[in-house]
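Asks: Okay, handing you the structure first.
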Amino acid sequence: MKRAGALCVVGSAFLLVSLVLAQSSKTDSKKSAPPQDYWFTVAASQVWTDTGLDLEAGDRVHVYGTVMACEGPTPSEKAHLPLPSAPGGSLLVKVHGEMTPILASPDADLPILDASHLYLGVNGWHCHGTIPAKVHVVWHKRPEDKH
C-alpha cells in the first residue's frame, strides 16, 4: 500500500514538472523572435530620418553605414555638427529624439535600455546625396507581440 502511494506521488510530481516545463517553453517561444534586417536610404538633406522602428528594453540594434563625401566642414563649422567628434558625412544614429547622436560609420551596436525609437542622420549640412544603412535588430519580443 505504501509503495502504491509513493508511486502515485512520484507520478504526480513528474506530471506537474512536465506541465510546467511545457508551459514555460510555450511562453519563451512567444517572447523571443528571430533577428530582422532593415534597409534605409538616409538623405543628407534631412536632419533625421525616422525609421519607424519602436524598440523596447532588451532589444539590441546593430547599425551599419558608410561615410559620404561632403564639402568642408571648416574648423569653425565642425563645432556646429550634430556630432562634432565624428567625421563630416558619417552616418549617425540615436534612439531618443533629444539624445546626443552616436557614430554609426562603419557600425554601431546599441543595447536598448528603455522604450525607444530609432532615428538615422548624416553628420553635416554641406553633404549631398544619400547613405545606405542596414539596421539589424535582435528583438527581445516579437514585434507583433509588442502592441
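Chain labels follow the order of the C-alpha cells: the first chain is A, the next B, and so on; residue numbering restarts at 1 in every chain, and ligands are counted from 1 in their shown order.
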For Asn123 in chain A, find every residue with an atom within 12 Å (counting only C-alpha atoms), except residues of its own chain fewer than 2 positions away, and show them as an MDAnalysis selection string.
Replies: chainID A and resid 42:48 66:73 77:93 100:105 120:121 125:128 130:131
Asks: Using Å and a single decimal, report how far CA of Pro106 in chain A sits from CA of Ala57 in chain A.
Replies: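 CA of Pro106 in chain A lies at a distance of 24.4 Å from CA of Ala57 in chain A.
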Asks: Nearest to Gly124 in chain A: which of A:Thr74, A:Thr51, A:Val63, A:Asp37 is it, counting only C-alpha atoms?
Replies: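 Selected residue with least distance to Gly124 in chain A: A:Thr74.
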Asks: I'd like the contact shell of range 133-142 of chain A - 8 Å cut-off, only C-alpha atoms, skipping same-chain residues fewer than 4 positions apart - returned as a list in words.
Replies: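 That gives Lys30, Lys31, Ser32, Ala33, Pro34, Pro35, Gln36, Asp37, Tyr38, Trp39, Phe40, Thr41, Val42, Glu56, Ala57, Gly58, Asp59, Arg60, Val61, His62, Val63, Tyr64, Gly65, Thr66 and Lys146 of chain A.
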Asks: Based on the selection just made, write C-alpha atoms of those residues as a CSV table (one decimal), in the first residue's frame.
Replies:
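Okay, selection38.csv is ready:
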```csv
chain,number,residue,atom,x,y,z
A,30,LYS,CA,6.3,33.8,-27.8
A,31,LYS,CA,8.8,36.3,-26.3
A,32,SER,CA,11.8,35.6,-28.4
A,33,ALA,CA,12.0,36.4,-32.1
A,34,PRO,CA,14.5,35.8,-34.9
A,35,PRO,CA,16.6,38.9,-35.7
A,36,GLN,CA,15.5,41.1,-38.5
A,37,ASP,CA,17.3,43.2,-41.0
A,38,TYR,CA,16.0,46.5,-42.3
A,39,TRP,CA,17.5,48.7,-45.0
A,40,PHE,CA,17.1,52.5,-45.2
A,41,THR,CA,18.2,55.3,-47.5
A,42,VAL,CA,19.3,58.2,-45.4
A,56,GLU,CA,11.9,48.1,-26.0
A,57,ALA,CA,14.3,47.3,-23.2
A,58,GLY,CA,16.1,44.1,-24.0
A,59,ASP,CA,16.2,44.7,-27.8
A,60,ARG,CA,19.6,45.1,-29.4
A,61,VAL,CA,20.3,47.1,-32.5
A,62,HIS,CA,23.3,47.0,-34.8
A,63,VAL,CA,23.6,49.8,-37.5
A,64,TYR,CA,25.9,49.6,-40.5
A,65,GLY,CA,26.7,52.7,-42.6
A,66,THR,CA,29.3,54.4,-44.7
A,146,LYS,CA,4.7,44.4,-28.5
```
Asks: Considering only C-alpha atoms, state which residue in the set A:Asp109, A:Leu53, A:Pro75, A:Pro132 is at the smallest distance from His96 in chain A.
Replies: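 The closest residue to His96 in chain A is A:Leu53.
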Asks: Among range 24-90 of chain A, which residues does DSSP mark as helix (DSSP H, G or I) when it is run on the backbone? Keep the chain and numbering as in the structure and answer as a list in words.
Replies: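 Across range 24-90 of chain A, those assigned helix (DSSP H, G or I) are Ser24, Ser25, Lys26, Thr27, Asp28, Ser29, Lys30, Lys31, Pro75, Ser76, Glu77 and Lys78 of chain A.
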Asks: Could you tell me how far CA of Asp50 in chain A lies from CA of Leu118 in chain A, in Å and to one decimal?
Replies: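 Calculated distance between CA of Asp50 in chain A and CA of Leu118 in chain A is 6.7 Å.
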Asks: Mind giving me the straight-line distance from CA of Ala108 in chain A to CA of Gly129 in chain A in Å, one decimal?
Replies: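 Interatomic distance, CA of Ala108 in chain A to CA of Gly129 in chain A: 21.7 Å.
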